[in-house]
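Colleague: Below is query.txt; it holds compact mmCIF, C-alpha atoms and all ligand atoms.
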# COMPACT_ATOMS: atom_id res chain seq x y z
CA HIS B 1 349.20 8.86 77.53
CA VAL B 2 349.47 11.55 74.88
CA GLY B 3 347.05 14.50 74.74
CA CYS B 4 345.95 15.77 78.16
CA GLY B 5 342.56 17.23 77.22
CA ARG B 6 338.92 16.32 77.81
CA VAL B 7 338.90 12.56 77.23
CA ALA B 8 342.29 12.22 78.91
CA ALA B 9 340.61 13.11 82.19
CA ARG B 10 339.00 9.67 82.05
CA TYR B 11 342.42 8.03 81.63
CA LEU B 12 343.74 10.01 84.57
CA GLU B 13 340.86 8.78 86.74
CA ILE B 14 341.32 5.19 85.63
CA PHE B 15 345.01 5.16 86.47
CA THR B 16 344.98 7.28 89.62
CA ARG B 17 341.99 5.41 91.12
CA GLY B 18 343.54 2.04 90.31
CA GLU B 19 340.63 0.98 88.09
CA ILE B 20 342.90 -1.33 86.10
CA SER B 21 345.66 -3.62 87.26
CA GLY B 22 348.95 -4.62 85.70
CA ALA B 23 349.80 -1.26 84.14
CA ARG B 24 351.09 2.10 85.29
CA LEU B 25 350.71 5.56 83.80
CA GLY B 26 354.41 6.37 83.52
CA HIS B 27 354.46 9.28 81.09
CA VAL B 28 352.07 11.99 79.96
CA CYS B 29 352.59 14.24 76.98
CA ASP B 30 350.88 17.38 75.73
CA ILE B 31 352.19 20.13 73.48
CA GLU B 32 350.75 22.54 76.05
CA ARG B 33 353.17 22.45 78.96
CA SER B 34 350.56 23.46 81.56
CA ARG B 35 348.31 20.50 80.64
CA ALA B 36 351.15 17.99 80.72
CA ASP B 37 352.33 19.40 84.07
CA GLU B 38 348.85 19.24 85.58
CA PHE B 39 348.45 15.59 84.58
CA SER B 40 351.93 14.85 85.86
CA ARG B 41 351.15 16.47 89.21
CA LYS B 42 347.95 14.46 89.58
CA SER B 43 349.41 11.12 88.49
CA ASN B 44 353.14 11.22 89.27
CA ALA B 45 353.76 10.39 85.61
CA ARG B 46 356.65 12.17 83.92
CA ALA B 47 355.58 15.15 81.80
CA TRP B 48 356.67 15.65 78.18
CA THR B 49 355.76 18.28 75.61
CA ASP B 50 357.06 16.54 72.50
CA LEU B 51 355.92 13.10 71.37
CA GLU B 52 359.07 12.25 69.37
CA THR B 53 361.34 13.19 72.29
CA MET B 54 359.28 11.09 74.70
CA LEU B 55 359.31 8.11 72.33
CA ARG B 56 363.08 8.41 71.92
CA GLU B 57 364.06 9.01 75.53
CA ALA B 58 361.52 7.18 77.71
CA LYS B 59 362.74 3.60 77.51
CA ASP B 60 360.12 2.06 79.82
CA ILE B 61 357.05 2.69 77.63
CA ASP B 62 355.28 -0.45 76.36
CA CYS B 63 352.05 1.05 75.08
CA VAL B 64 351.02 4.56 74.12
CA THR B 65 347.38 5.70 74.36
CA PHE B 66 346.39 8.73 72.28
CA GLY B 67 343.75 11.33 73.15
CA THR B 68 345.04 13.92 70.70
CA PRO B 69 342.83 15.70 68.13
CA SER B 70 341.31 13.31 65.60
CA GLY B 71 343.22 14.74 62.65
CA SER B 72 346.52 13.89 64.32
CA HIS B 73 345.76 10.22 65.12
CA PHE B 74 347.36 8.91 61.93
CA GLU B 75 350.71 10.70 62.26
CA ASN B 76 350.93 10.30 66.03
CA ALA B 77 350.05 6.61 66.03
CA ARG B 78 352.46 5.98 63.16
CA ALA B 79 355.29 7.68 65.07
CA ALA B 80 354.67 5.48 68.11
CA LEU B 81 354.45 2.28 66.05
CA VAL B 82 357.66 3.18 64.21
CA ALA B 83 359.28 3.66 67.64
CA GLY B 84 358.23 0.09 68.48
CA LYS B 85 355.37 0.86 70.91
CA HIS B 86 351.95 -0.75 71.10
CA VAL B 87 349.26 1.83 70.33
CA ILE B 88 345.68 2.43 71.41
CA VAL B 89 344.09 5.48 69.85
CA GLU B 90 340.86 7.27 70.72
CA LYS B 91 338.10 7.28 68.12
CA PRO B 92 338.00 7.91 65.21
CA ILE B 93 340.84 5.50 64.46
CA THR B 94 342.11 7.91 61.77
CA MET B 95 340.36 10.42 59.54
CA ARG B 96 340.47 8.23 56.42
CA PRO B 97 340.05 4.45 56.05
CA GLU B 98 343.25 3.95 54.06
CA GLN B 99 345.25 5.54 56.91
CA ALA B 100 343.88 3.02 59.41
CA GLU B 101 344.64 0.16 57.05
CA GLU B 102 348.21 1.42 56.67
CA LEU B 103 348.67 1.55 60.44
CA GLY B 104 347.10 -1.88 60.88
CA LYS B 105 349.61 -3.32 58.42
CA LEU B 106 352.53 -1.48 60.00
CA ALA B 107 351.59 -2.84 63.43
CA ARG B 108 351.18 -6.40 62.15
CA ASP B 109 354.54 -6.24 60.36
CA LYS B 110 356.23 -5.06 63.54
CA GLY B 111 354.39 -7.46 65.86
CA LEU B 112 352.71 -4.59 67.74
CA MET B 113 349.19 -3.96 69.00
CA PHE B 114 347.20 -1.26 67.23
CA GLY B 115 343.62 -0.70 68.30
CA VAL B 116 340.95 1.94 68.74
CA VAL B 117 338.77 2.83 71.72
CA LYS B 118 335.12 1.91 71.17
CA GLN B 119 334.19 1.80 74.82
CA ASN B 120 330.44 1.53 74.27
CA ARG B 121 331.00 -2.05 73.16
CA TYR B 122 331.74 -2.71 76.84
CA ASN B 123 328.42 -1.33 78.10
CA PRO B 124 326.53 -4.21 79.75
CA ALA B 125 323.42 -3.27 77.74
CA MET B 126 325.36 -3.47 74.45
CA ARG B 127 327.00 -6.77 75.43
CA ALA B 128 323.61 -8.26 76.28
CA LEU B 129 322.12 -7.07 72.98
CA LYS B 130 325.08 -8.43 70.99
CA ALA B 131 324.84 -11.79 72.78
CA MET B 132 321.18 -12.09 71.75
CA MET B 133 322.10 -11.26 68.15
CA ASP B 134 324.91 -13.85 68.16
CA ARG B 135 322.47 -16.44 69.49
CA GLY B 136 320.13 -15.71 66.58
CA ARG B 137 317.18 -14.64 68.73
CA PHE B 138 316.26 -11.74 66.44
CA GLY B 139 315.82 -14.02 63.44
CA LYS B 140 315.36 -12.15 60.19
CA LEU B 141 316.43 -8.55 60.84
CA VAL B 142 314.02 -5.79 59.93
CA LEU B 143 315.31 -2.42 61.12
CA GLY B 144 318.22 -0.88 63.03
CA THR B 145 317.89 2.71 64.22
CA VAL B 146 320.45 4.96 65.84
CA ARG B 147 319.48 8.21 67.51
CA VAL B 148 322.01 10.61 69.00
CA ARG B 149 320.45 13.81 70.31
CA TRP B 150 323.14 15.66 72.15
CA ALA B 151 323.88 19.32 72.84
CA ARG B 152 327.17 20.91 71.81
CA ASP B 153 327.18 24.68 71.37
CA MET B 154 329.68 27.19 70.01
CA ASN B 155 331.54 27.27 73.33
CA TYR B 156 332.36 23.60 72.67
CA TYR B 157 333.21 24.06 68.99
CA SER B 158 335.34 27.14 69.70
CA SER B 159 337.18 25.56 72.62
CA ASP B 160 339.88 24.11 70.37
CA ALA B 161 340.87 24.98 66.80
CA TRP B 162 340.59 21.37 65.56
CA ARG B 163 336.88 21.03 66.33
CA GLY B 164 334.17 21.28 63.69
CA LYS B 165 336.53 21.04 60.69
CA PHE B 166 336.58 18.46 57.91
CA LEU B 167 340.35 18.12 58.08
CA SER B 168 340.74 17.53 61.80
CA ASP B 169 337.38 16.48 63.26
CA GLY B 170 334.39 15.99 60.98
CA GLY B 171 330.84 16.61 62.15
CA VAL B 172 328.35 14.98 64.50
CA ILE B 173 328.63 11.62 62.72
CA THR B 174 332.44 11.55 62.96
CA ASN B 175 332.90 12.88 66.45
CA GLN B 176 329.81 11.93 68.45
CA ALA B 177 327.66 9.40 66.57
CA ILE B 178 330.65 7.30 65.47
CA HIS B 179 330.13 5.25 68.65
CA HIS B 180 326.52 4.56 67.79
CA ILE B 181 327.23 3.90 64.12
CA ASP B 182 329.86 1.44 65.30
CA ALA B 183 327.31 -0.16 67.64
CA LEU B 184 324.75 -0.34 64.81
CA GLN B 185 327.07 -2.23 62.45
CA TRP B 186 328.56 -4.34 65.25
CA VAL B 187 325.11 -5.66 66.09
CA MET B 188 323.27 -5.55 62.74
CA GLY B 189 326.16 -6.49 60.41
CA PRO B 190 327.80 -4.75 57.45
CA VAL B 191 326.12 -1.75 55.84
CA LYS B 192 325.97 -1.95 52.05
CA ALA B 193 324.70 1.48 51.02
CA VAL B 194 323.65 4.81 52.54
CA CYS B 195 321.74 7.95 51.62
CA ALA B 196 322.33 10.95 53.87
CA HIS B 197 321.49 14.59 54.43
CA GLY B 198 323.46 16.80 56.79
CA THR B 199 323.52 20.46 57.76
CA ALA B 200 325.14 22.86 60.19
CA ARG B 201 321.76 23.89 61.51
CA ILE B 202 322.48 26.11 64.50
CA ASN B 203 326.21 25.86 65.08
CA ASP B 204 328.42 28.07 62.92
CA ILE B 205 330.77 25.30 61.75
CA GLU B 206 331.90 23.98 58.36
CA VAL B 207 330.76 20.42 59.17
CA ASP B 208 327.32 19.02 60.02
CA ASP B 209 325.77 19.42 63.46
CA THR B 210 322.74 17.46 62.28
CA THR B 211 322.68 14.45 59.97
CA VAL B 212 319.93 12.04 58.99
CA ALA B 213 320.42 8.96 56.84
CA ILE B 214 318.78 5.79 55.60
CA LEU B 215 320.80 2.60 55.25
CA ARG B 216 320.64 -0.76 53.53
CA PHE B 217 322.37 -3.61 55.36
CA ALA B 218 324.05 -6.46 53.49
CA ASN B 219 321.54 -8.85 55.10
CA GLY B 220 318.61 -6.95 53.58
CA ALA B 221 317.52 -5.08 56.71
CA SER B 222 316.96 -1.32 56.69
CA GLY B 223 318.58 1.27 58.92
CA VAL B 224 318.09 4.83 60.09
CA ILE B 225 320.57 7.28 61.57
CA GLU B 226 319.47 10.46 63.29
CA ALA B 227 322.35 12.39 64.83
CA THR B 228 322.58 15.92 66.13
CA THR B 229 324.63 18.09 68.46
CA ALA B 230 321.96 20.77 68.06
CA ALA B 231 319.61 19.40 70.72
CA ARG B 232 318.82 22.23 73.14
CA PRO B 233 319.18 22.97 75.93
CA ASP B 234 320.79 19.66 76.93
CA ASP B 235 321.68 16.10 75.88
CA ILE B 236 318.53 14.02 75.43
CA GLU B 237 319.61 10.51 74.47
CA ALA B 238 321.81 8.14 72.47
CA SER B 239 319.96 4.99 71.52
CA LEU B 240 320.01 1.95 69.27
CA SER B 241 316.86 0.03 68.35
CA VAL B 242 317.08 -3.42 66.79
CA LEU B 243 313.93 -4.95 65.34
CA GLY B 244 313.80 -8.50 64.05
CA GLU B 245 311.16 -11.11 63.25
CA GLY B 246 312.07 -12.82 66.53
CA GLY B 247 312.01 -9.80 68.81
CA SER B 248 313.03 -6.22 69.50
CA VAL B 249 315.47 -4.48 71.82
CA VAL B 250 316.03 -0.79 72.44
CA VAL B 251 319.22 0.26 74.19
CA GLY B 252 319.08 3.90 75.18
CA GLY B 253 319.76 6.28 78.00
CA TRP B 254 322.40 8.97 77.77
CA ALA B 255 324.90 6.82 75.93
CA LEU B 256 323.64 3.28 75.16
CA ASN B 257 323.66 2.45 78.86
CA GLU B 258 320.07 1.36 79.56
CA ILE B 259 317.81 -1.36 78.24
CA LEU B 260 314.56 0.43 77.41
CA PHE B 261 312.74 -2.38 75.62
CA TRP B 262 313.48 -6.11 75.49
CA LYS B 263 310.93 -8.58 74.13
CA PHE B 264 311.25 -11.75 72.08
CA THR B 265 308.58 -13.85 70.41
CA VAL B 266 309.97 -16.93 72.17
CA PRO B 267 310.51 -15.64 75.73
CA GLU B 268 313.10 -16.93 78.17
CA ALA B 269 313.17 -16.57 81.95
CA ALA B 270 316.14 -14.15 81.86
CA ASP B 271 314.19 -11.75 79.61
CA GLU B 272 312.10 -10.65 82.57
CA THR B 273 315.05 -9.15 84.43
CA ALA B 274 317.11 -8.06 81.39
CA GLN B 275 316.30 -4.40 81.93
CA LEU B 276 317.52 -4.47 85.54
CA ASP B 277 320.41 -6.85 84.91
CA HIS B 278 322.07 -4.97 82.06
CA SER B 279 321.33 -1.27 82.61
CA GLN B 280 323.98 0.99 84.09
CA VAL B 281 324.07 4.46 85.61
CA ILE B 282 326.83 6.51 83.96
CA PRO B 283 328.55 9.68 85.19
CA THR B 284 329.27 11.19 81.74
CA SER B 285 328.42 10.53 78.10
CA TYR B 286 331.73 8.65 77.84
CA GLY B 287 330.15 5.86 79.91
CA LEU B 288 332.20 3.38 81.93
CA GLY B 289 333.70 1.29 79.14
CA HIS B 290 337.20 2.75 79.05
CA ALA B 291 338.45 0.85 82.10
CA PRO B 292 337.38 -2.67 81.04
CA LEU B 293 338.62 -1.99 77.49
CA LEU B 294 342.03 -0.85 78.74
CA GLN B 295 342.13 -3.80 81.15
CA ASP B 296 341.67 -6.15 78.18
CA VAL B 297 344.53 -4.34 76.40
CA VAL B 298 346.83 -4.78 79.39
CA ASP B 299 345.83 -8.42 79.91
CA ALA B 300 346.43 -9.26 76.23
CA LEU B 301 349.84 -7.59 76.24
CA LYS B 302 350.76 -9.42 79.47
CA ARG B 303 349.94 -12.70 77.74
CA GLY B 304 352.22 -11.65 74.87
CA GLU B 305 349.28 -11.16 72.51
CA ILE B 306 348.84 -8.20 70.17
CA GLU B 307 345.14 -8.52 69.29
CA PRO B 308 343.34 -5.45 70.74
CA PRO B 309 339.65 -5.36 71.75
CA VAL B 310 338.87 -3.37 68.57
CA ASN B 311 341.47 -3.76 65.84
CA ALA B 312 342.14 -1.64 62.75
CA THR B 313 339.77 -3.65 60.55
CA GLU B 314 336.95 -3.40 63.10
CA GLY B 315 337.68 0.26 63.85
CA THR B 316 337.61 1.12 60.16
CA LYS B 317 334.08 -0.23 59.62
CA SER B 318 332.28 2.71 61.25
CA LEU B 319 334.73 5.12 59.61
CA SER B 320 333.93 3.68 56.18
CA ILE B 321 330.19 4.10 56.82
CA ILE B 322 330.82 7.70 57.88
CA HIS B 323 332.81 8.33 54.70
CA ALA B 324 329.96 6.92 52.62
CA LEU B 325 327.52 9.19 54.52
CA TYR B 326 329.59 12.28 53.65
CA ARG B 327 330.04 11.13 50.06
CA SER B 328 326.29 10.72 49.83
CA MET B 329 325.86 14.34 51.00
CA GLU B 330 328.51 15.45 48.49
CA ASP B 331 326.98 13.54 45.55
CA ASN B 332 323.31 13.87 46.59
CA GLY B 333 322.20 10.26 46.51
CA TRP B 334 322.81 6.62 47.43
CA VAL B 335 326.44 5.63 47.94
CA THR B 336 327.98 2.19 48.37
CA VAL B 337 330.00 1.77 51.57
CA GLY B 338 333.65 1.67 50.55
CA THR B 339 333.35 4.98 48.72
CA SER B 340 335.18 7.75 50.56
CA SER B 341 334.33 11.38 51.14
CA LYS B 342 336.15 13.95 49.05
CA ARG B 343 336.37 16.26 52.09
CA LEU B 344 336.64 14.34 55.40
CA GLY B 345 340.25 14.25 56.53
CA ILE B 346 341.38 16.36 53.60
CA GLY B 347 342.62 19.95 53.95
CA GLY B 348 342.08 22.95 51.71
N1 LIG B 401 335.93 7.62 73.42
C1 LIG B 401 335.24 8.72 73.65
O1 LIG B 401 334.10 8.68 74.09
C2 LIG B 401 335.86 10.04 73.38
C3 LIG B 401 335.39 11.16 74.06
C4 LIG B 401 335.97 12.41 73.80
C5 LIG B 401 336.99 12.51 72.87
N2 LIG B 401 337.40 11.39 72.19
C6 LIG B 401 338.47 11.52 71.18
O2 LIG B 401 339.67 11.85 71.84
C7 LIG B 401 340.44 12.76 71.06
C8 LIG B 401 340.71 14.00 71.88
O3 LIG B 401 339.50 14.64 72.19
P1 LIG B 401 339.40 15.66 73.40
O4 LIG B 401 337.99 16.10 73.45
O5 LIG B 401 340.04 15.11 74.59
O6 LIG B 401 340.30 16.85 72.80
P2 LIG B 401 341.05 18.03 73.57
O7 LIG B 401 341.29 19.11 72.57
O8 LIG B 401 340.33 18.35 74.83
O9 LIG B 401 342.44 17.35 73.98
C9 LIG B 401 343.45 17.09 73.05
C10 LIG B 401 344.79 17.40 73.69
O10 LIG B 401 345.83 16.97 72.83
C11 LIG B 401 346.89 17.93 72.87
N3 LIG B 401 347.70 17.75 71.67
C12 LIG B 401 347.44 18.14 70.41
N4 LIG B 401 348.41 17.72 69.57
C13 LIG B 401 349.31 17.03 70.32
C14 LIG B 401 350.54 16.37 70.04
N5 LIG B 401 351.01 16.29 68.79
N6 LIG B 401 351.20 15.80 71.06
C15 LIG B 401 350.73 15.88 72.32
N7 LIG B 401 349.57 16.50 72.64
C16 LIG B 401 348.88 17.08 71.65
C17 LIG B 401 346.17 19.25 73.00
O11 LIG B 401 347.01 20.27 73.49
C18 LIG B 401 345.03 18.89 73.95
O12 LIG B 401 345.39 19.09 75.30
C19 LIG B 401 339.62 13.03 69.81
O13 LIG B 401 340.09 12.24 68.76
C20 LIG B 401 338.22 12.64 70.19
O14 LIG B 401 337.45 12.19 69.09
C21 LIG B 401 336.88 10.18 72.45
Take the structure in the file and write it out as structure tokens.
Modeller:
Amino acid sequence: HVGCGRVAARYLEIFTRGEISGARLGHVCDIERSRADEFSRKSNARAWTDLETMLREAKDIDCVTFGTPSGSHFENARAALVAGKHVIVEKPITMRPEQAEELGKLARDKGLMFGVVKQNRYNPAMRALKAMMDRGRFGKLVLGTVRVRWARDMNYYSSDAWRGKFLSDGGVITNQAIHHIDALQWVMGPVKAVCAHGTARINDIEVDDTTVAILRFANGASGVIEATTAARPDDIEASLSVLGEGGSVVVGGWALNEILFWKFTVPEAADETAQLDHSQVIPTSYGLGHAPLLQDVVDALKRGEIEPPVNATEGTKSLSIIHALYRSMEDNGWVTVGTSSKRLGIGG
């Protein structure tokens, strides 16, 4: 694993507690020696401070997972793919859609896995919702709404230089709400056009801490995004509501982990216990999806397959929506998805 920061703590837990089988954390790498050493001490993995050196010298690496700053995903993942390693990268897949497409092609050409972590897709509540959508129970879709009301203050944004910048991070929609935007399009289908407004309302950052948007889906449904890191004093919720002619479901909680509403016009016996059956208590806003996602990665690789749980094409969909949202803020109006921001992932 490369990048021994906040999200990496989850990887450390997964591997040291034996939450997945068939794989071992053999090497950890961080440019900060103390972080690499701490992870090494806790996991018995070998510590490295330089990615290229690790890729060159550690011959027993099959797959590299990246929890490095978002702006470095493209270059880091490319280096690992060029070195012949399978790659799983934390979200966002890259900062710009064309970078993810390039890496997807590179991986395919080399017969390697390249995927992104979208662990909320593994939440039981999200799986249950998606299954109902795939079965057609919602009928004609009306409205999909995403709400992320979380609290991140200047201690968070100042904790590392990459945070809160267009080049290396992006704002609340790129860093936090990307999961929920991914969930929205995963369940409701492709987004055609967006109209957004974003501000840095109470955090002193160059990117948005609060963004609202309206969406038009390709299937004719409407959508709403409300995302903020300026909720105070604490995280409130992260939810997705899906309304259709055939029924409505709201998945909420801290991070899409609880069924809050579940009713269909043609009821089934299992509907009555859906709330109990598919809700989950989670220890952090990361949820519990990392372990099953990584288990699927390991199992696929063991079978000799290179298709990840969320591939480059899938991982790029939420990124493309986010780019359209920023472009809409830049141009002040409706933007077709597929149009990229002039700022996100670009320096200067
Ligand atoms: N899936 C999720 O829910 C989730 C949650 C949090 C973060 N993330 C993503 O994970 C990534 C990391 O976020 P974080 O909060 O852990 O950041 P962080 O700043 O806490 O950790 C990043 C670590 O990477 C190290 N690093 C930087 N460049 C490196 C390089 N070239 N080689 C090796 N190490 C390097 C840093 O020293 C730092 O220790 C981000 O892209 C973020 O969006 C995903």
Colleague: Please produce, as CSV, a per-residue contact table for chain B versus ligand LIG 401 (chain B) (criterion: any atom at most 6 Å away, only C-alpha atoms and all ligand atoms considered), showing the nearest atom pair and its distance in Å to one decimal, sorted by chain then residue number.
Modeller:
residue,atom,partner,partner_atom,distance
B:Val2,CA,B:LIG401,C15,5.2
B:Gly3,CA,B:LIG401,O10,3.4
B:Cys4,CA,B:LIG401,O12,4.4
B:Gly5,CA,B:LIG401,O9,3.2
B:Arg6,CA,B:LIG401,O5,3.6
B:Val7,CA,B:LIG401,O5,3.8
B:Ala8,CA,B:LIG401,O5,5.7
B:Cys29,CA,B:LIG401,C15,5.3
B:Asp30,CA,B:LIG401,N7,3.5
B:Ile31,CA,B:LIG401,N7,4.6
B:Glu32,CA,B:LIG401,O11,5.1
B:Leu51,CA,B:LIG401,N6,5.4
B:Gly67,CA,B:LIG401,C7,4.2
B:Thr68,CA,B:LIG401,O10,3.8
B:Pro69,CA,B:LIG401,O13,4.5
B:Ser70,CA,B:LIG401,O13,3.6
B:Glu90,CA,B:LIG401,O2,4.9
B:Lys91,CA,B:LIG401,O14,5.0
B:Pro92,CA,B:LIG401,O14,5.8
B:Val117,CA,B:LIG401,N1,5.8
B:Asp160,CA,B:LIG401,O7,5.6
B:Asn175,CA,B:LIG401,O14,5.3
B:Tyr286,CA,B:LIG401,O1,4.4
Colleague: Near range 322-327 of chain B, within 7 Å and counting only C-alpha atoms, which residues show up once chain neighbours fewer than 2 positions away are dropped, as a PDB file with C-alpha atoms, in the coordinates of the input?
Modeller:
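That gives us result.pdb:
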ATOM      1  CA  ILE B 173     328.630  11.620  62.720  1.00  0.00           C
ATOM      2  CA  THR B 174     332.440  11.550  62.960  1.00  0.00           C
ATOM      3  CA  VAL B 194     323.650   4.810  52.540  1.00  0.00           C
ATOM      4  CA  CYS B 195     321.740   7.950  51.620  1.00  0.00           C
ATOM      5  CA  ALA B 196     322.330  10.950  53.870  1.00  0.00           C
ATOM      6  CA  SER B 318     332.280   2.710  61.250  1.00  0.00           C
ATOM      7  CA  LEU B 319     334.730   5.120  59.610  1.00  0.00           C
ATOM      8  CA  SER B 320     333.930   3.680  56.180  1.00  0.00           C
ATOM      9  CA  MET B 329     325.860  14.340  51.000  1.00  0.00           C
ATOM     10  CA  GLU B 330     328.510  15.450  48.490  1.00  0.00           C
ATOM     11  CA  ASP B 331     326.980  13.540  45.550  1.00  0.00           C
ATOM     12  CA  VAL B 335     326.440   5.630  47.940  1.00  0.00           C
ATOM     13  CA  THR B 336     327.980   2.190  48.370  1.00  0.00           C
ATOM     14  CA  VAL B 337     330.000   1.770  51.570  1.00  0.00           C
ATOM     15  CA  GLY B 338     333.650   1.670  50.550  1.00  0.00           C
ATOM     16  CA  THR B 339     333.350   4.980  48.720  1.00  0.00           C
ATOM     17  CA  SER B 340     335.180   7.750  50.560  1.00  0.00           C
ATOM     18  CA  SER B 341     334.330  11.380  51.140  1.00  0.00           C
ATOM     19  CA  LYS B 342     336.150  13.950  49.050  1.00  0.00           C
TER      20      LYS B 342
END
Colleague: Do you have, as a Markdown table, the list of residues of range 19-128 of chain B lying at most 10 Å from range 258-266 of chain B, each with its nearest atom pair and that distance in Å to one decimal, counting all atoms listed in the file and ordered by chain then number?
Modeller:
| residue | atom | partner | partner_atom | distance |
| --- | --- | --- | --- | --- |
| B:Asn123 | CA | B:Glu258 | CA | 8.9 |
| B:Pro124 | CA | B:Glu258 | CA | 8.5 |
| B:Ala125 | CA | B:Ile259 | CA | 5.9 |
| B:Met126 | CA | B:Ile259 | CA | 8.7 |
| B:Ala128 | CA | B:Ile259 | CA | 9.2 |
Colleague: Which residue out of B:Leu81, B:Ala183, B:Ala227, B:Met113 has the minimum interatomic distance to Arg149 in chain B when only C-alpha atoms are used?
Modeller: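 Nearest candidate to Arg149 in chain B out of B:Leu81, B:Ala183, B:Ala227, B:Met113: B:Ala227.
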Colleague: Near Leu12 in chain B, counting only C-alpha atoms, which residues have an atom at most 8 Å away, once you skip same-chain residues fewer than 5 positions from it, shown as a VMD selection string?
Modeller: chain B and resid 39 42 to 43
Colleague: Write the residues of the preceding selection, restricted to C-alpha atoms, as a PDB file, in the coordinates of the input.
Modeller:
ATOM      1  CA  PHE B  39     348.450  15.590  84.580  1.00  0.00           C
ATOM      2  CA  LYS B  42     347.950  14.460  89.580  1.00  0.00           C
ATOM      3  CA  SER B  43     349.410  11.120  88.490  1.00  0.00           C
TER       4      SER B  43
END
Colleague: So which residues touch Lys302 in chain B within 9 Å, counting only C-alpha atoms, skipping near sequence neighbours fewer than 4 positions away, as an NGL selection string?
Modeller: :B and (22 or 297-298)
Colleague: Choose the residue, out of B:Ala312, B:Ile282, B:Ala47, B:Ala58, that has the smallest atom-to-atom separation from Val87 in chain B; count all atoms listed in the file.
Modeller: B:Ala312
Colleague: For CA of Ser40 in chain B and CA of Val28 in chain B, quote the distance in Å rounded to one decimal.
Modeller: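 Spanning CA of Ser40 in chain B to CA of Val28 in chain B is a straight-line distance of 6.6 Å.
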Colleague: Closest to Asp169 in chain B among B:Leu344, B:Val89, B:Val212, B:Val191, using only C-alpha atoms?
Modeller: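 Result for the nearest residue to Asp169 in chain B: B:Leu344.
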Colleague: Identify which of the residues B:Trp334, B:Gly84, B:Lys165, B:Pro283 lies closest to Gly111 in chain B, counting only C-alpha atoms when measuring atom-to-atom distances.
Modeller: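 Of the candidates, the smallest distance to Gly111 in chain B is held by B:Gly84.
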Colleague: Using all atoms listed in the file, find all polymer residues with an atom at most 8 Å away from the point (325.5, -4.2, 53.0); report them as an NGL selection string.
Modeller: :B and (189-193 or 216-220 or 337)
Colleague: Which of these, B:Gly115, B:Gly246, B:Pro292, B:Gly26, has the shortest distance to Met54 in chain B once you count only C-alpha atoms?
Modeller: B:Gly26
Colleague: Between CA of Arg78 in chain B and CA of Thr65 in chain B, what distance in Å does the model show, to one decimal?
Modeller: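 The value is 12.3 Å.
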Colleague: Can you build me a table of range 192-244 of chain B residues sitting at most 9 Å from range 134-145 of chain B, with the closest atom pair per residue and its distance in Å to one decimal, using only C-alpha atoms, sorted by chain and residue number, as JSON lines?
Modeller:
{"residue": "B:Leu215", "atom": "CA", "partner": "B:Gly144", "partner_atom": "CA", "distance": 8.9}
{"residue": "B:Asn219", "atom": "CA", "partner": "B:Leu141", "partner_atom": "CA", "distance": 7.7}
{"residue": "B:Gly220", "atom": "CA", "partner": "B:Leu141", "partner_atom": "CA", "distance": 7.7}
{"residue": "B:Ala221", "atom": "CA", "partner": "B:Val142", "partner_atom": "CA", "distance": 4.8}
{"residue": "B:Ser222", "atom": "CA", "partner": "B:Leu143", "partner_atom": "CA", "distance": 4.9}
{"residue": "B:Gly223", "atom": "CA", "partner": "B:Gly144", "partner_atom": "CA", "distance": 4.7}
{"residue": "B:Val224", "atom": "CA", "partner": "B:Thr145", "partner_atom": "CA", "distance": 4.6}
{"residue": "B:Ile225", "atom": "CA", "partner": "B:Thr145", "partner_atom": "CA", "distance": 5.9}
{"residue": "B:Glu226", "atom": "CA", "partner": "B:Thr145", "partner_atom": "CA", "distance": 8.0}
{"residue": "B:Ser239", "atom": "CA", "partner": "B:Thr145", "partner_atom": "CA", "distance": 7.9}
{"residue": "B:Leu240", "atom": "CA", "partner": "B:Thr145", "partner_atom": "CA", "distance": 5.5}
{"residue": "B:Ser241", "atom": "CA", "partner": "B:Thr145", "partner_atom": "CA", "distance": 5.0}
{"residue": "B:Val242", "atom": "CA", "partner": "B:Gly144", "partner_atom": "CA", "distance": 4.7}
{"residue": "B:Leu243", "atom": "CA", "partner": "B:Leu143", "partner_atom": "CA", "distance": 5.1}
{"residue": "B:Gly244", "atom": "CA", "partner": "B:Leu141", "partner_atom": "CA", "distance": 4.2}
Colleague: What is the CA of Ala291 in chain B to CA of Glu305 in chain B distance in Å?
Modeller: 18.8 Å
Colleague: Which polymer residues, protein or nucleic acid, are no farther than 8 Å from (317.1, 5.4, 76.6), counting all atoms listed in the file, as a ChimeraX atom specification?
Modeller: /B:237-239,250-260
Colleague: Could you check which of B:Ile205, B:Tyr11, B:Phe66, B:Ser21 is closest to Asp299 in chain B, using only C-alpha atoms?
Modeller: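 With only C-alpha atoms as the atom set, the closest residue is B:Ser21.
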